[in-house]
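**Q** My structure is in my_file16.txt, and what it holds is compact mmCIF, C-alpha atoms:
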# COMPACT_ATOMS: atom_id res chain seq x y z
CA MET U 1 0.00 0.00 0.00
CA ILE U 2 2.91 2.32 0.77
CA GLU U 3 4.19 1.47 -2.72
CA ALA U 4 0.84 2.66 -4.08
CA ILE U 5 1.26 5.97 -2.25
CA SER U 6 4.83 6.26 -3.45
CA GLY U 7 3.75 5.60 -7.03
CA ALA U 8 0.92 8.12 -6.79
CA ALA U 9 3.30 10.64 -5.19
CA GLY U 10 5.66 10.12 -8.14
CA ALA U 11 2.85 10.91 -10.57
CA VAL U 12 2.00 14.07 -8.60
CA ALA U 13 5.67 15.11 -8.56
CA GLU U 14 5.99 14.60 -12.33
CA SER U 15 2.76 16.48 -12.92
CA ARG U 16 3.81 19.39 -10.71
CA VAL U 17 7.09 19.74 -12.60
CA ALA U 18 5.18 19.54 -15.88
CA VAL U 19 2.82 22.28 -14.66
CA GLU U 20 5.78 24.48 -13.69
CA GLN U 21 7.50 23.88 -17.03
CA SER U 22 4.41 24.46 -19.12
CA GLY U 23 3.60 27.56 -17.08
CA ALA U 24 7.09 28.93 -17.68
CA ALA U 25 6.83 28.12 -21.41
CA LEU U 26 3.47 29.90 -21.55
CA ALA U 27 4.91 32.95 -19.80
CA ILE U 28 7.79 33.08 -22.32
CA ALA U 29 5.38 32.69 -25.26
CA GLU U 30 3.16 35.45 -23.87
CA ALA U 31 6.13 37.75 -23.28
CA ASN U 32 7.29 37.11 -26.85
CA ARG U 33 3.81 37.86 -28.26
CA ASP U 34 3.48 40.97 -26.10
CA GLY U 35 6.90 42.13 -27.29
CA ILE U 36 5.72 41.84 -30.89
CA LYS U 37 2.51 43.72 -30.02
CA ASN U 38 4.61 46.49 -28.51
CA ARG U 39 6.74 46.69 -31.64
CA ILE U 40 3.54 46.93 -33.74
CA ASP U 41 2.25 49.70 -31.46
CA GLU U 42 5.55 51.57 -31.82
CA LYS U 43 5.43 51.31 -35.60
CA ASN U 44 1.78 52.43 -35.68
CA THR U 45 2.61 55.38 -33.44
CA GLU U 46 5.53 56.28 -35.70
CA ARG U 47 3.32 56.06 -38.78
CA ALA U 48 0.53 58.06 -37.11
CA ALA U 49 3.04 60.79 -36.21
CA ILE U 50 4.20 61.10 -39.83
CA VAL U 51 0.60 61.14 -41.12
CA ALA U 52 -0.43 63.74 -38.50
CA ALA U 53 2.56 65.94 -39.33
CA ARG U 54 1.77 65.78 -43.04
CA LYS U 55 -1.87 66.71 -42.31
CA ASN U 56 -0.54 69.78 -40.53
CA GLY U 57 1.52 70.66 -43.54
CA ILE U 58 4.85 69.47 -42.14
CA GLU U 59 6.16 67.39 -44.98
CA ASN U 60 9.49 65.70 -45.40
CA ALA U 61 10.88 64.23 -48.59
CA LYS U 62 11.81 61.07 -46.69
CA ASP U 63 8.23 60.48 -45.43
CA GLY U 64 7.29 58.30 -48.38
CA GLY U 65 10.25 56.00 -47.88
CA LYS U 66 9.66 55.87 -44.14
CA LEU U 67 5.98 55.03 -44.60
CA MET U 68 6.86 52.26 -47.04
CA THR U 69 9.38 50.83 -44.62
CA LEU U 70 6.89 51.08 -41.77
CA ALA U 71 4.25 49.30 -43.87
CA ALA U 72 6.72 46.51 -44.67
CA ASP U 73 7.75 46.27 -41.01
CA LEU U 74 4.13 46.12 -39.91
CA GLU U 75 3.42 43.40 -42.42
CA GLY U 76 6.36 41.36 -41.11
CA LEU U 77 5.41 42.04 -37.50
CA THR U 78 1.80 41.03 -38.16
CA GLU U 79 3.03 37.69 -39.47
CA LEU U 80 5.23 37.31 -36.41
CA LEU U 81 2.27 38.21 -34.19
CA ALA U 82 0.19 35.47 -35.82
CA GLU U 83 3.02 32.98 -35.18
CA GLY U 84 3.43 34.28 -31.63
CA THR U 85 -0.30 33.98 -30.96
CA THR U 86 -0.31 30.41 -32.27
CA LEU U 87 2.58 29.59 -29.95
CA VAL U 88 0.74 31.16 -27.00
CA ASN U 89 -2.39 29.17 -27.81
CA SER U 90 -0.52 25.87 -28.03
CA ALA U 91 1.46 26.69 -24.85
CA ALA U 92 -1.79 27.56 -23.06
CA ALA U 93 -3.33 24.27 -24.21
CA ARG U 94 -0.28 22.36 -22.93
CA ALA U 95 -0.42 24.23 -19.61
CA ALA U 96 -4.14 23.46 -19.25
CA GLU U 97 -3.52 19.79 -20.04
CA ALA U 98 -0.68 19.69 -17.50
CA GLY U 99 -3.04 21.20 -14.91
CA ARG U 100 -5.67 18.59 -15.72
CA VAL U 101 -3.14 15.76 -15.38
CA LEU U 102 -1.94 17.19 -12.05
CA SER U 103 -5.49 17.40 -10.75
CA GLN U 104 -6.03 13.77 -11.74
CA ALA U 105 -2.75 12.70 -10.12
CA GLU U 106 -3.66 14.53 -6.91
CA SER U 107 -7.09 12.86 -6.84
CA HIS U 108 -5.40 9.50 -7.33
CA LEU U 109 -2.96 10.21 -4.49
CA ALA U 110 -5.83 11.31 -2.23
CA ARG U 111 -7.63 8.06 -2.96
CA ARG U 112 -4.51 5.95 -2.27
CA THR U 113 -4.02 7.95 0.94
CA ASP U 114 -7.58 7.27 2.09
CA GLU U 115 -7.20 3.58 1.26
CA GLU U 116 -4.03 3.36 3.34
CA MET U 117 -5.68 5.37 6.12
CA LEU U 118 -8.66 3.00 6.14
CA ARG U 119 -6.41 -0.07 6.21
CA ARG U 120 -4.53 1.30 9.20
CA LEU U 121 -7.73 2.42 10.95
CA VAL U 122 -9.23 -1.07 10.62
CA GLU U 123 -6.00 -2.56 11.94
CA HIS U 124 -6.12 -0.08 14.81
CA ALA U 125 -9.81 -0.82 15.53
CA GLU U 126 -9.03 -4.54 15.70
CA LYS U 127 -6.27 -3.81 18.22
CA VAL U 128 -8.51 -1.50 20.26
CA ASP U 129 -11.26 -4.15 20.15
CA GLY U 130 -8.94 -6.62 21.86
CA ILE U 131 -7.69 -4.03 24.36
CA LEU U 132 -11.21 -2.92 25.31
CA LEU U 133 -12.50 -6.48 25.64
CA GLY U 134 -9.46 -7.44 27.73
CA THR U 135 -9.97 -4.36 29.92
CA ILE U 136 -13.67 -5.21 30.49
CA GLN U 137 -12.73 -8.77 31.38
CA GLU U 138 -10.13 -7.50 33.85
CA ILE U 139 -12.72 -5.10 35.40
CA ASN U 140 -15.17 -7.97 35.70
CA ALA U 141 -12.53 -10.20 37.25
CA ALA U 142 -11.46 -7.51 39.75
CA CYS U 143 -15.12 -6.84 40.64
CA GLY U 144 -15.64 -10.58 41.13
CA ARG U 145 -12.68 -10.75 43.48
CA LEU U 146 -14.07 -7.76 45.39
CA GLY U 147 -17.45 -9.46 45.64
CA LYS U 148 -19.28 -6.86 43.57
CA LEU U 149 -22.42 -8.06 41.88
CA SER U 150 -22.30 -8.87 38.20
CA GLY U 151 -23.87 -6.06 36.21
CA ARG U 152 -22.84 -3.49 38.78
CA GLU U 153 -19.29 -3.05 37.49
CA PRO U 154 -18.12 0.57 37.66
CA TRP U 155 -17.68 1.13 33.92
CA ALA U 156 -20.04 1.09 30.95
CA PRO U 157 -19.33 2.29 27.44
CA SER U 158 -20.60 5.74 26.58
CA ILE U 159 -23.98 5.77 24.84
CA ALA U 160 -22.30 7.01 21.65
CA LEU U 161 -19.78 4.14 21.72
CA ALA U 162 -22.44 1.56 22.59
CA GLU U 163 -24.65 2.79 19.74
CA ALA U 164 -21.75 2.85 17.27
CA LEU U 165 -20.75 -0.67 18.27
CA GLN U 166 -24.35 -1.84 18.14
CA ARG U 167 -24.75 -0.40 14.62
CA ARG U 168 -21.58 -2.16 13.54
CA HIS U 169 -22.80 -5.36 15.14
CA LEU U 170 -26.24 -5.27 13.55
CA THR U 171 -24.82 -4.65 10.08
CA ARG U 172 -22.08 -7.23 10.48
CA GLU U 173 -23.49 -9.35 7.63
CA PHE U 174 -23.12 -6.48 5.14
CA ARG U 175 -19.44 -6.11 5.89
CA LYS U 176 -18.47 -9.61 4.81
CA MET X 1 22.21 28.97 -35.52
CA ILE X 2 21.87 25.31 -36.40
CA ARG X 3 19.00 26.02 -38.76
CA GLN X 4 20.97 28.81 -40.41
CA GLY X 5 24.02 26.55 -40.65
CA LYS X 6 21.97 23.85 -42.32
CA ARG X 7 20.51 26.40 -44.73
CA ASN X 8 24.04 27.53 -45.56
CA LEU X 9 25.03 23.91 -46.15
CA ALA X 10 22.13 23.46 -48.57
CA GLU X 11 23.17 26.60 -50.44
CA LEU X 12 26.79 25.45 -50.59
CA LYS X 13 25.75 22.04 -51.90
CA ALA X 14 23.80 23.78 -54.64
CA ARG X 15 26.93 25.79 -55.44
CA VAL X 16 29.02 22.60 -55.60
CA ARG X 17 26.50 21.18 -58.06
CA GLU X 18 26.64 24.35 -60.16
CA ALA X 19 30.45 24.35 -60.04
CA LEU X 20 30.56 20.71 -61.10
CA LEU X 21 28.21 21.37 -64.00
CA SER X 22 30.10 24.45 -65.13
CA GLY X 23 33.51 22.83 -64.68
CA ASN X 24 34.70 25.22 -61.95
CA GLN X 25 36.80 24.34 -58.90
CA THR X 26 34.86 22.94 -55.96
CA ALA X 27 37.65 22.63 -53.39
CA GLY X 28 36.95 26.01 -51.75
CA ILE X 29 33.23 25.34 -51.48
CA ARG X 30 33.89 21.84 -50.13
CA GLN X 31 36.17 23.31 -47.47
CA GLU X 32 33.42 25.75 -46.46
CA ILE X 33 30.98 22.85 -46.28
CA ALA X 34 33.35 20.91 -44.02
CA GLU X 35 33.80 23.93 -41.72
CA ILE X 36 30.06 24.57 -41.44
CA ARG X 37 29.42 20.87 -40.84
CA GLY X 38 31.94 20.93 -38.01
CA ARG X 39 30.33 24.00 -36.46
CA VAL X 40 26.81 22.53 -36.76
CA ALA X 41 28.01 19.26 -35.20
CA GLY X 42 29.57 21.23 -32.33
CA TRP X 43 26.37 23.20 -31.73
CA GLU X 44 24.27 20.04 -31.87
CA SER X 45 26.56 18.31 -29.41
CA ALA X 46 26.38 21.30 -27.05
CA ILE X 47 22.58 21.32 -27.28
CA LYS X 48 22.46 17.58 -26.57
CA GLU X 49 24.67 18.06 -23.52
CA ILE X 50 22.50 20.92 -22.25
CA GLY X 51 19.41 18.76 -22.85
CA ALA X 52 20.96 15.86 -20.94
CA GLN X 53 21.90 18.16 -18.05
CA ASP X 54 18.37 19.58 -17.98
CA ALA X 55 16.93 16.06 -17.99
CA ARG X 56 19.16 15.10 -15.05
CA VAL X 57 18.11 18.20 -13.08
CA ILE X 58 14.43 17.51 -13.80
CA ALA X 59 14.78 13.83 -12.84
CA ASP X 60 16.48 14.83 -9.56
CA THR X 61 13.78 17.43 -8.87
CA ILE X 62 11.01 14.89 -9.50
CA ALA X 63 12.72 12.28 -7.31
CA ALA X 64 13.13 14.75 -4.43
CA LEU X 65 9.56 15.99 -4.81
CA ARG X 66 8.23 12.43 -4.97
CA THR X 67 10.03 11.53 -1.74
CA ARG X 68 8.78 14.67 0.00
CA ILE X 69 5.16 14.16 -1.11
CA ALA X 70 5.23 10.47 -0.12
CA LEU X 71 6.76 11.27 3.29
CA ASP X 72 4.29 14.11 3.90
CA THR X 73 1.37 11.85 2.94
CA VAL X 74 2.45 8.94 5.11
CA GLY X 75 3.34 11.38 7.90
CA ALA X 76 -0.15 12.90 7.76
CA ILE X 77 -1.69 9.41 8.05
CA SER X 78 0.53 8.59 11.03
CA ASP X 79 -0.29 11.93 12.69
CA ARG X 80 -4.01 11.28 12.26
CA LEU X 81 -3.67 7.79 13.72
CA ALA X 82 -1.55 9.11 16.57
CA THR X 83 -4.55 11.12 17.76
CA LEU X 84 -6.43 7.81 18.14
CA GLN X 85 -3.81 6.14 20.33
CA SER X 86 -4.56 5.66 24.01
CA PRO X 87 -2.35 7.56 26.44
CA PRO X 88 0.51 5.55 27.94
CA HIS X 89 -0.41 3.41 30.93
CA PRO X 90 0.55 4.94 34.26
CA THR X 91 3.39 3.05 35.89
CA VAL X 92 3.45 2.22 39.57
CA GLN X 93 6.39 4.57 40.00
CA GLY X 94 4.64 7.32 38.13
CA GLU X 95 1.37 7.08 40.03
CA GLN X 96 0.43 9.47 42.76
CA ILE X 97 -0.02 7.40 45.91
Take the structure from the file and write it as structure tokens.

**A**
Amino acid sequence: MIEAISGAAGAVAESRVAVEQSGAALAIAEANRDGIKNRIDEKNTERAAIVAARKNGIENAKDGGKLMTLAADLEGLTELLAEGTTLVNSAAARAAEAGRVLSQAESHLARRTDEEMLRRLVEHAEKVDGILLGTIQEINAACGRLGKLSGREPWAPSIALAEALQRRHLTREFRK
Amino acid sequence: MIRQGKRNLAELKARVREALLSGNQTAGIRQEIAEIRGRVAGWESAIKEIGAQDARVIADTIAALRTRIALDTVGAISDRLATLQSPPHPTVQGEQI
């Protein structure tokens, strides 16, 4: 059972590392895309400034060449932005998948943990059963030696314990 | 760099073909090809080594994390069970008489 927990822990560890890696890859992809967006914004601002200046009658012989270069740059940057966005989308999909796998691995580990907990609790209950029965027998024996009447022994289980034990006893057949 | 190197190799191979067809010398181009091949091989080897190092670091990280998660999990089970243990029996020496 401990091997089961160890195996499940291994899957959680792998998944956590995968989540970290895919998260880092997504952050890089987003930073790259945002960098391209910023470059596009800069180019658009530059172009808008030239256009605005020309509208105000401030013309420069080099404006035409600059605008052509800016248009070519923007075209190239738009292509890069499309590539960058595709990379972000695929990185986001990988990150989401890694998160899903981690969630599954954690659920699996929680289940293995509960199974191991239950196994140990049953083992513990069996031990406590023997201890409690032995203790009652010792109380009865001591009371007998002291001449106390049977049924008048100084200890009885709490009502909650008696009811819980009774419930277990009455449903014994279902537990087989 | 590797991609660029491989592109350069493809271009040089095309030049060798052209040189062969036109009867020109190919020794210079072949030397360039050999140099680029050497550089590409060096870069690829470096990338492989970096990849192997990364893989080792990741494997170590996963192993350490796995151990920690397993220990934490088993520890939590033991802690929970510890709350269900009966207190130690009083000894004769320890009892107030």

**Q** Quick check, in Å to one decimal: how far apart do atom CA of Ala18 of chain U and atom CA of Arg56 of chain X lie?

**A**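 Atom CA of Ala18 of chain U sits 14.7 Å away from atom CA of Arg56 of chain X.
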
**Q** Residues of chain X within 12 Å of chain U, counting only C-alpha atoms - could you list those as a tab-separated table (two decimals) with C-alpha atoms, in the coordinates of the input?

**A**
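Wrote it out as selection-v3.tsv, contents follow:
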chain	number	residue	atom	x	y	z
X	54	ASP	CA	18.37	19.58	-17.98
X	55	ALA	CA	16.93	16.06	-17.99
X	57	VAL	CA	18.11	18.20	-13.08
X	58	ILE	CA	14.43	17.51	-13.80
X	59	ALA	CA	14.78	13.83	-12.84
X	60	ASP	CA	16.48	14.83	-9.56
X	61	THR	CA	13.78	17.43	-8.87
X	62	ILE	CA	11.01	14.89	-9.50
X	63	ALA	CA	12.72	12.28	-7.31
X	64	ALA	CA	13.13	14.75	-4.43
X	65	LEU	CA	9.56	15.99	-4.81
X	66	ARG	CA	8.23	12.43	-4.97
X	67	THR	CA	10.03	11.53	-1.74
X	68	ARG	CA	8.78	14.67	0.00
X	69	ILE	CA	5.16	14.16	-1.11
X	70	ALA	CA	5.23	10.47	-0.12
X	71	LEU	CA	6.76	11.27	3.29
X	72	ASP	CA	4.29	14.11	3.90
X	73	THR	CA	1.37	11.85	2.94
X	74	VAL	CA	2.45	8.94	5.11
X	75	GLY	CA	3.34	11.38	7.90
X	76	ALA	CA	-0.15	12.90	7.76
X	77	ILE	CA	-1.69	9.41	8.05
X	78	SER	CA	0.53	8.59	11.03
X	79	ASP	CA	-0.29	11.93	12.69
X	80	ARG	CA	-4.01	11.28	12.26
X	81	LEU	CA	-3.67	7.79	13.72
X	82	ALA	CA	-1.55	9.11	16.57
X	83	THR	CA	-4.55	11.12	17.76
X	84	LEU	CA	-6.43	7.81	18.14
X	85	GLN	CA	-3.81	6.14	20.33
X	86	SER	CA	-4.56	5.66	24.01

**Q** Which residues are close to segment 24-32 of chain U, i.e. within 8 Å by all atoms listed in the file, leaving aside same-chain residues fewer than 2 positions away? Reply as a list of chain:residue names.

**A**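 Counting all atoms listed in the file, the residues come to U:Glu20, U:Gln21, U:Ser22, U:Asp34, U:Gly35, U:Ile36, U:Gly84, U:Leu87, U:Val88, U:Ala91, U:Ala92, U:Ala95.
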
**Q** State, in Å with one decimal place, the distance from atom CA of Leu77 of chain U to atom CA of Met1 of chain X.

**A**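 If I compute the distance from atom CA of Leu77 of chain U to atom CA of Met1 of chain X, I get 21.4 Å.
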
**Q** Quick one: pull the distance between atom CA of Leu165 of chain U and atom CA of Leu132 of chain U, Å, one decimal.

**A**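 According to the coordinates, atom CA of Leu165 of chain U and atom CA of Leu132 of chain U are separated by 12.1 Å.
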
**Q** Counting all atoms listed in the file, note down every residue that has an atom within 12 Å of the point (20.9, 25.5, -40.4) (file coordinates), as a ChimeraX atom specification.

**A** /X:1-12,33,36-37,39-41,43-44

**Q** Enclose the full set of atoms of segment 38-47 of chain X listed in the file within a box whose edges lie along x, y and z, apply 5 Å of padding to each of the six sides, and report centre and edge lengths in Å to one decimal as AutoDock Vina command-line options.

**A**
--center_x 27.3 --center_y 21.2 --center_z -32.5 --size_x 19.4 --size_y 15.7 --size_z 21.0
